[in-house]
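Undergrad: Below is a structure I'd like to ask you about.
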Amino acid sequence: MMNYAASPDPAENAAVIAQALTTTRAGRQVLRGMDFTVPAGQVTGLLGPSGCGKTTLMRAIVGTQAKVGGTLQVLGRPAGDPALRSRIGYVTQAPSVYDDLTVRQNLDYFAAVLLPGRAHRTDRRTAVDRAVEDVDLADHADVLAGRLSGGQRSRVSLAVALLGTPELLVLDEPTVGLDPVLRRDLWDLFHRIATDRGTTLLVSSHVMDEAERCHRLLLMREGEILAEDTPEALRRRNDTATVEEAFLHLVDAAAARDRARTTHTEEPRP
Ligand SMILES: Nc1ncnc2c1ncn2[C@@H]1O[C@H](COP(=O)(O)OP(=O)(O)OP(=O)(O)O)[C@@H](O)[C@H]1O
């Protein structure tokens, strides 16, 4: 079983602090009063079944989600504060790259937005070279993005997010559809980014074996936090061999509580 060292008190040095966080989408409550922290400089996994609200939560953190209630502090500022824009990298599920540009041209384009002007020419080139190396696409730098595999295109998106050397990197299911070797390589990259640069990573997934690769986990179900802890502590506390079993145990317990609550509410008065 993998164990990554994590600091003992995540709240002490938190990149994200949420209190009573709520939001609605299309009139439906999607986040239902969430309290959690994301420790700085670590890889935190956001795991939960499809539709539980992972993307919505990430959108709230990066400041693109409307109608967010409660308190949400990101890198010491309220979520959505314009000063946070250059400090956060966000990679959505759909790779945002231009198919008719090469990998390098895509990165040059985004680098020009981040670091405009002749004065930044050298910085732009350095940032693009480093991002291409980071995601291991140096051999494909001159290939059109439209001719890349799905995994390679996801890595171009990640390279774009790395260009601005963000303090917080929010990655929405970055390993979906990738083969096991690429998934392992990407997770190694996430850890290198956290260790070498002190970057905070929040990575969503619904693949439970990826949970074991995180320093810390936020387990979600139906817009609520089921558990927030290290993989090791979750296994130990639930007396299970894997995080997946711990998660299922917690889901069953939460479902039983919901059922009991419903039955109780429906009982006729004497
Ligand atoms: N654009 C939208 N308008 C209205 N409701 C939405 C929209 N996008 C998502 N929802 C609803 O919000 C809820 C949470 O969706 P969200 O995409 O955050 O879940 P998720 O956990 O990221 O799912 P997945 O793992 O499938 O990506 C779902 O019930 C979904 O139907």
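Chain labels follow the order of the structure tokens: the first chain is A, the next B, and so on; residue numbering restarts at 1 in every chain, and ligands are counted from 1 in their shown order.
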Any chance you could tabulate, as a Markdown table, the residues of chain A at most 10 Å from ligand 1 with each one's nearest atom pair and distance in Å to one decimal, using only C-alpha atoms and all ligand atoms, in chain and rising number order?

TA:
```
| residue | atom | partner | partner_atom_place_in_ligand_line | distance |
| --- | --- | --- | --- | --- |
| A:Thr23 | CA | ligand 1 | 12 (O) | 9.5 |
| A:Thr24 | CA | ligand 1 | 12 (O) | 7.9 |
| A:Arg25 | CA | ligand 1 | 5 (N) | 4.6 |
| A:Ala26 | CA | ligand 1 | 4 (C) | 4.6 |
| A:Gly27 | CA | ligand 1 | 4 (C) | 8.0 |
| A:Arg28 | CA | ligand 1 | 5 (N) | 7.4 |
| A:Gln29 | CA | ligand 1 | 12 (O) | 8.1 |
| A:Val30 | CA | ligand 1 | 13 (C) | 5.4 |
| A:Leu31 | CA | ligand 1 | 14 (C) | 8.1 |
| A:Leu46 | CA | ligand 1 | 21 (O) | 9.2 |
| A:Leu47 | CA | ligand 1 | 21 (O) | 8.2 |
| A:Gly48 | CA | ligand 1 | 21 (O) | 6.4 |
| A:Pro49 | CA | ligand 1 | 25 (O) | 6.0 |
| A:Ser50 | CA | ligand 1 | 25 (O) | 3.5 |
| A:Gly51 | CA | ligand 1 | 19 (O) | 3.5 |
| A:Cys52 | CA | ligand 1 | 21 (O) | 4.0 |
| A:Gly53 | CA | ligand 1 | 18 (O) | 3.2 |
| A:Lys54 | CA | ligand 1 | 22 (O) | 3.8 |
| A:Thr55 | CA | ligand 1 | 22 (O) | 3.7 |
| A:Thr56 | CA | ligand 1 | 18 (O) | 3.7 |
| A:Leu57 | CA | ligand 1 | 18 (O) | 6.5 |
| A:Met58 | CA | ligand 1 | 18 (O) | 8.0 |
| A:Arg59 | CA | ligand 1 | 18 (O) | 8.3 |
| A:Ala60 | CA | ligand 1 | 18 (O) | 9.9 |
| A:Gln65 | CA | ligand 1 | 1 (N) | 9.9 |
| A:Thr92 | CA | ligand 1 | 27 (O) | 9.9 |
| A:Gln93 | CA | ligand 1 | 27 (O) | 7.8 |
| A:Asp172 | CA | ligand 1 | 22 (O) | 7.8 |
| A:Glu173 | CA | ligand 1 | 27 (O) | 7.7 |
| A:Ser204 | CA | ligand 1 | 22 (O) | 8.1 |
| A:Ser205 | CA | ligand 1 | 25 (O) | 7.2 |
| A:His206 | CA | ligand 1 | 25 (O) | 6.4 |
| A:Val207 | CA | ligand 1 | 25 (O) | 9.9 |
| A:Met220 | CA | ligand 1 | 21 (O) | 8.3 |
| A:Arg221 | CA | ligand 1 | 21 (O) | 8.5 |
| A:Glu222 | CA | ligand 1 | 14 (C) | 8.1 |
| A:Gly223 | CA | ligand 1 | 14 (C) | 7.6 |
```

Undergrad: Take the selection from the previous step and output its residues with N, CA and C atoms, as a compact mmCIF listing (two decimals), in the first residue's frame.

TA:
```
# COMPACT_ATOMS: atom_id res chain seq x y z
N THR A 23 -24.19 25.46 -2.74
CA THR A 23 -24.52 26.07 -4.02
C THR A 23 -25.69 25.33 -4.66
N THR A 24 -26.39 26.06 -5.51
CA THR A 24 -27.48 25.43 -6.25
C THR A 24 -27.19 25.55 -7.75
N ARG A 25 -27.64 24.57 -8.51
CA ARG A 25 -27.54 24.64 -9.98
C ARG A 25 -28.91 24.29 -10.52
N ALA A 26 -29.40 25.11 -11.41
CA ALA A 26 -30.73 24.92 -11.99
C ALA A 26 -31.78 24.67 -10.90
N GLY A 27 -31.68 25.43 -9.81
CA GLY A 27 -32.66 25.37 -8.74
C GLY A 27 -32.50 24.18 -7.80
N ARG A 28 -31.48 23.36 -8.03
CA ARG A 28 -31.28 22.17 -7.18
C ARG A 28 -30.05 22.37 -6.30
N GLN A 29 -30.16 22.01 -5.02
CA GLN A 29 -28.99 22.16 -4.17
C GLN A 29 -27.97 21.08 -4.50
N VAL A 30 -26.77 21.53 -4.89
CA VAL A 30 -25.73 20.57 -5.32
C VAL A 30 -24.67 20.40 -4.23
N LEU A 31 -24.26 21.50 -3.59
CA LEU A 31 -23.35 21.40 -2.44
C LEU A 31 -24.16 21.75 -1.20
N LEU A 46 -9.98 14.48 -4.60
CA LEU A 46 -11.42 14.73 -4.39
C LEU A 46 -12.14 13.57 -5.06
N LEU A 47 -12.68 12.68 -4.24
CA LEU A 47 -13.26 11.47 -4.80
C LEU A 47 -14.71 11.30 -4.45
N GLY A 48 -15.47 10.78 -5.41
CA GLY A 48 -16.87 10.53 -5.16
C GLY A 48 -17.53 10.10 -6.45
N PRO A 49 -18.72 9.52 -6.34
CA PRO A 49 -19.39 9.01 -7.54
C PRO A 49 -19.77 10.11 -8.51
N SER A 50 -20.01 9.72 -9.74
CA SER A 50 -20.41 10.64 -10.78
C SER A 50 -21.65 11.42 -10.34
N GLY A 51 -21.62 12.73 -10.49
CA GLY A 51 -22.79 13.56 -10.17
C GLY A 51 -22.84 14.03 -8.72
N CYS A 52 -21.82 13.67 -7.90
CA CYS A 52 -21.90 14.05 -6.47
C CYS A 52 -21.54 15.51 -6.24
N GLY A 53 -20.95 16.16 -7.26
CA GLY A 53 -20.66 17.59 -7.12
C GLY A 53 -19.18 17.98 -7.16
N LYS A 54 -18.33 17.08 -7.64
CA LYS A 54 -16.88 17.36 -7.65
C LYS A 54 -16.55 18.57 -8.54
N THR A 55 -17.07 18.54 -9.77
CA THR A 55 -16.78 19.65 -10.69
C THR A 55 -17.35 20.95 -10.14
N THR A 56 -18.55 20.89 -9.58
CA THR A 56 -19.18 22.09 -9.02
C THR A 56 -18.31 22.67 -7.90
N LEU A 57 -17.79 21.79 -7.05
CA LEU A 57 -16.93 22.24 -5.96
C LEU A 57 -15.66 22.88 -6.52
N MET A 58 -15.08 22.26 -7.54
CA MET A 58 -13.85 22.83 -8.14
C MET A 58 -14.15 24.19 -8.76
N ARG A 59 -15.29 24.29 -9.41
CA ARG A 59 -15.68 25.58 -10.02
C ARG A 59 -15.84 26.65 -8.94
N ALA A 60 -16.38 26.25 -7.77
CA ALA A 60 -16.51 27.21 -6.67
C ALA A 60 -15.12 27.68 -6.22
N GLN A 65 -18.12 29.42 -10.29
CA GLN A 65 -19.45 28.92 -9.96
C GLN A 65 -20.30 30.03 -9.33
N THR A 92 -9.97 21.72 -16.91
CA THR A 92 -11.32 21.14 -16.92
C THR A 92 -11.27 19.74 -17.55
N GLN A 93 -12.42 19.07 -17.53
CA GLN A 93 -12.45 17.70 -18.08
C GLN A 93 -12.22 17.69 -19.59
N ASP A 172 -9.50 18.55 -12.92
CA ASP A 172 -10.77 17.80 -12.92
C ASP A 172 -10.62 16.51 -13.73
N GLU A 173 -10.54 15.41 -13.02
CA GLU A 173 -10.40 14.07 -13.63
C GLU A 173 -9.35 14.04 -14.73
N SER A 204 -9.47 15.67 -8.90
CA SER A 204 -10.67 14.85 -8.74
C SER A 204 -10.55 13.56 -9.54
N SER A 205 -11.25 12.57 -9.07
CA SER A 205 -11.22 11.27 -9.74
C SER A 205 -12.40 10.44 -9.23
N HIS A 206 -12.88 9.50 -10.04
CA HIS A 206 -13.77 8.53 -9.40
C HIS A 206 -13.16 7.14 -9.48
N VAL A 207 -11.86 7.11 -9.75
CA VAL A 207 -11.13 5.84 -9.74
C VAL A 207 -10.47 5.70 -8.37
N MET A 220 -16.50 12.46 -1.15
CA MET A 220 -17.80 13.15 -1.30
C MET A 220 -18.92 12.20 -1.64
N ARG A 221 -20.11 12.58 -1.23
CA ARG A 221 -21.33 11.87 -1.64
C ARG A 221 -22.48 12.85 -1.62
N GLU A 222 -23.19 12.96 -2.71
CA GLU A 222 -24.39 13.80 -2.80
C GLU A 222 -24.21 15.19 -2.18
N GLY A 223 -23.14 15.86 -2.61
CA GLY A 223 -22.93 17.24 -2.18
C GLY A 223 -22.46 17.42 -0.76
```

Undergrad: At a cut-off of 9 Å, can you tabulate as CSV every residue of range 204-225 of chain A near range 232-255 of chain A together with its closest atom pair and the distance in Å to one decimal, using only C-alpha atoms and ordering rows by chain then number?

TA:
```
residue,atom,partner,partner_atom,distance
A:Val207,CA,A:Glu244,CA,8.9
A:Met208,CA,A:Glu244,CA,5.4
A:Asp209,CA,A:Glu244,CA,7.3
A:Ala211,CA,A:Val243,CA,6.7
A:Glu212,CA,A:Val243,CA,6.8
A:Leu217,CA,A:Leu234,CA,8.8
A:Leu219,CA,A:Phe247,CA,7.3
A:Arg221,CA,A:Val251,CA,7.3
```

Undergrad: Take the residues just selected and output them with N, CA and C atoms as a compact mmCIF listing (two decimals), in the first residue's frame.

TA:
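Full text of result-v3.txt as output:
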```
# COMPACT_ATOMS: atom_id res chain seq x y z
N VAL A 207 -11.86 7.11 -9.75
CA VAL A 207 -11.13 5.84 -9.74
C VAL A 207 -10.47 5.70 -8.37
N MET A 208 -10.97 4.73 -7.61
CA MET A 208 -10.56 4.67 -6.21
C MET A 208 -9.10 4.27 -6.02
N ASP A 209 -8.49 3.56 -7.00
CA ASP A 209 -7.08 3.21 -6.76
C ASP A 209 -6.21 4.46 -6.78
N ALA A 211 -6.96 7.10 -5.23
CA ALA A 211 -7.04 7.67 -3.89
C ALA A 211 -5.78 7.33 -3.09
N GLU A 212 -5.26 6.14 -3.34
CA GLU A 212 -4.10 5.70 -2.57
C GLU A 212 -2.87 6.54 -2.89
N LEU A 217 -7.35 13.02 1.39
CA LEU A 217 -8.54 12.78 0.58
C LEU A 217 -9.75 13.54 1.11
N LEU A 219 -13.55 12.74 0.60
CA LEU A 219 -14.51 11.79 0.02
C LEU A 219 -15.88 12.44 0.03
N ARG A 221 -20.11 12.58 -1.23
CA ARG A 221 -21.33 11.87 -1.64
C ARG A 221 -22.48 12.85 -1.62
```

Undergrad: Which is closer to Asp188 in chain A than all the others in A:Ile225, A:Leu107, A:Cys214, A:Ala256, using only C-alpha atoms?

TA: A:Cys214

Undergrad: Based on the backbone DSSP call, show me all residues of range 38-258 of chain A assigned strand (DSSP E or B), as a PyMOL selection string.

TA: chain A and resi 38-39+43-47+68-74+77-78+88-91+102+144+168-171+200-205+216-221+224-229

Undergrad: Ranking A:Thr262, A:Thr71, A:Ser157, A:Thr122 by minimum distance to Phe110 in chain A and counting only C-alpha atoms, which one comes first?

TA: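 Comparing A:Thr262, A:Thr71, A:Ser157, A:Thr122 against Phe110 in chain A, the winner is A:Ser157.
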
Undergrad: Can you work out which one of A:Leu186, A:Val38, A:Leu148, A:Leu115 has the shortest atom-to-atom distance to Pro174 in chain A, counting only C-alpha atoms?

TA: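 Among the listed residues, the smallest separation from Pro174 in chain A belongs to A:Leu186.
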
Undergrad: Using only C-alpha atoms for the distances, tell me which of A:Ile88, A:Leu189, A:Ala112, A:Leu101 is nearest to Ala145 in chain A.

TA: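 The closest residue to Ala145 in chain A is A:Leu101.
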
Undergrad: Would you kindly return, as a short mmCIF file (atom, residue, chain, number, x, y, z; two decimals) with N, CA and C atoms, in the first residue's frame, each protein, DNA or RNA residue with an atom no farther than 12 Å from any atom of Ile193 in chain A, considering only C-alpha atoms and excluding same-chain residues fewer than 2 positions away?

TA:
```
data_model
loop_
_atom_site.label_atom_id
_atom_site.label_comp_id
_atom_site.auth_asym_id
_atom_site.auth_seq_id
_atom_site.Cartn_x
_atom_site.Cartn_y
_atom_site.Cartn_z
N GLY A 41 0.69 22.73 -0.46
CA GLY A 41 1.89 21.98 -0.83
C GLY A 41 1.71 20.48 -0.88
N GLN A 42 0.46 20.03 -0.85
CA GLN A 42 0.21 18.58 -0.89
C GLN A 42 -0.73 18.23 -2.03
N VAL A 43 -0.83 16.92 -2.30
CA VAL A 43 -1.77 16.44 -3.32
C VAL A 43 -3.02 15.93 -2.60
N ALA A 131 7.29 23.74 -19.51
CA ALA A 131 5.97 23.08 -19.47
C ALA A 131 5.95 21.86 -20.40
N ASP A 134 7.84 19.24 -18.59
CA ASP A 134 7.07 18.78 -17.42
C ASP A 134 6.12 17.65 -17.78
N VAL A 135 5.44 17.82 -18.91
CA VAL A 135 4.40 16.84 -19.25
C VAL A 135 4.92 15.79 -20.24
N LEU A 158 -2.69 20.33 -19.34
CA LEU A 158 -1.97 20.44 -18.07
C LEU A 158 -0.76 21.37 -18.23
N ALA A 159 -0.06 21.23 -19.35
CA ALA A 159 1.10 22.11 -19.62
C ALA A 159 0.66 23.57 -19.65
N LEU A 162 0.30 24.80 -16.26
CA LEU A 162 1.57 24.93 -15.53
C LEU A 162 2.37 26.17 -15.96
N THR A 165 3.10 28.97 -13.48
CA THR A 165 3.58 28.49 -12.18
C THR A 165 2.57 28.79 -11.07
N PRO A 166 1.37 28.17 -11.18
CA PRO A 166 0.33 28.47 -10.19
C PRO A 166 0.67 27.92 -8.81
N GLU A 167 0.14 28.59 -7.77
CA GLU A 167 0.34 28.09 -6.41
C GLU A 167 -0.66 26.97 -6.12
N LEU A 168 -1.83 27.07 -6.77
CA LEU A 168 -2.86 26.04 -6.60
C LEU A 168 -3.25 25.52 -7.98
N LEU A 169 -3.19 24.20 -8.11
CA LEU A 169 -3.52 23.57 -9.39
C LEU A 169 -4.75 22.68 -9.15
N LEU A 186 1.50 10.40 -14.72
CA LEU A 186 0.89 11.69 -14.37
C LEU A 186 0.86 11.89 -12.86
N TRP A 187 0.53 10.83 -12.13
CA TRP A 187 0.51 10.95 -10.67
C TRP A 187 1.91 11.23 -10.14
N ASP A 188 2.93 10.63 -10.76
CA ASP A 188 4.31 10.94 -10.35
C ASP A 188 4.60 12.42 -10.61
N LEU A 189 4.11 12.91 -11.75
CA LEU A 189 4.31 14.33 -12.08
C LEU A 189 3.62 15.22 -11.03
N PHE A 190 2.37 14.87 -10.65
CA PHE A 190 1.66 15.67 -9.64
C PHE A 190 2.51 15.77 -8.36
N HIS A 191 3.07 14.64 -7.96
CA HIS A 191 3.88 14.64 -6.73
C HIS A 191 5.15 15.45 -6.89
N THR A 195 6.19 18.55 -4.58
CA THR A 195 7.43 18.49 -3.80
C THR A 195 8.42 19.56 -4.23
N ASP A 196 8.63 19.67 -5.55
CA ASP A 196 9.69 20.58 -6.03
C ASP A 196 9.28 22.04 -5.97
N ARG A 197 7.97 22.32 -6.17
CA ARG A 197 7.56 23.74 -6.27
C ARG A 197 6.68 24.18 -5.12
N GLY A 198 6.30 23.24 -4.25
CA GLY A 198 5.42 23.60 -3.13
C GLY A 198 4.00 23.91 -3.59
N THR A 199 3.67 23.47 -4.82
CA THR A 199 2.32 23.73 -5.36
C THR A 199 1.29 22.86 -4.63
N THR A 200 0.10 23.42 -4.41
CA THR A 200 -1.01 22.65 -3.85
C THR A 200 -1.79 22.06 -5.02
N LEU A 201 -2.08 20.77 -4.97
CA LEU A 201 -2.87 20.16 -6.04
C LEU A 201 -4.16 19.60 -5.48
#
```

Undergrad: Distance CA of Ala79 in chain A-CA of Ala20 in chain A, one decimal place?

TA: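 About the pair CA of Ala79 in chain A and CA of Ala20 in chain A: they are 14.0 Å apart.
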
Undergrad: How far is it from CA of Val170 in chain A to CA of Gly70 in chain A, in Å with one decimal?

TA: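 Straight-line distance from CA of Val170 in chain A to CA of Gly70 in chain A works out to 20.4 Å.
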
Undergrad: Just want the 10 Å neighbourhood of Asp129 in chain A, counted on only C-alpha atoms, with same-chain residues fewer than 4 positions away dropped. Output as a PyMOL selection string.

TA: chain A and resi 104+107-108+123-125+133-134+137-138+141+159+163

Undergrad: Next, dump the selected residues to file, keeping only C-alpha atoms, as a PDB file, in the first residue's frame.

TA:
```pdb
ATOM      1  CA  ARG A 104       4.373  24.412 -28.890  1.00  0.00           C
ATOM      2  CA  LEU A 107       1.688  26.929 -25.380  1.00  0.00           C
ATOM      3  CA  ASP A 108       3.177  29.992 -27.106  1.00  0.00           C
ATOM      4  CA  ASP A 123      10.530  34.289 -19.948  1.00  0.00           C
ATOM      5  CA  ARG A 124       7.853  33.001 -22.341  1.00  0.00           C
ATOM      6  CA  ARG A 125      10.297  30.699 -24.113  1.00  0.00           C
ATOM      7  CA  GLU A 133       9.310  18.971 -20.525  1.00  0.00           C
ATOM      8  CA  ASP A 134       7.074  18.781 -17.420  1.00  0.00           C
ATOM      9  CA  LEU A 137       5.821  16.040 -24.655  1.00  0.00           C
ATOM     10  CA  ALA A 138       9.199  17.303 -25.948  1.00  0.00           C
ATOM     11  CA  ALA A 141       6.261  19.675 -29.493  1.00  0.00           C
ATOM     12  CA  ALA A 159       1.095  22.109 -19.618  1.00  0.00           C
ATOM     13  CA  LEU A 163       2.761  27.886 -17.638  1.00  0.00           C
TER      14      LEU A 163
END
```

Undergrad: Could you tell me which of A:Ser96, A:Gln152, A:Arg192, A:Leu72 comes closest to Asp139 in chain A if we count only C-alpha atoms?

TA: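 Between A:Ser96, A:Gln152, A:Arg192, A:Leu72, the residue approaching Asp139 in chain A most closely is A:Gln152.
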
Undergrad: Could you jot down the CA of Tyr90 in chain A to CA of Leu171 in chain A separation for me, Å, one decimal place?

TA: 5.9 Å

Undergrad: DSSP on the backbone, then: every residue of range 41-137 of chain A marked alpha helix (DSSP H), written as a count of residues only.

TA: 35
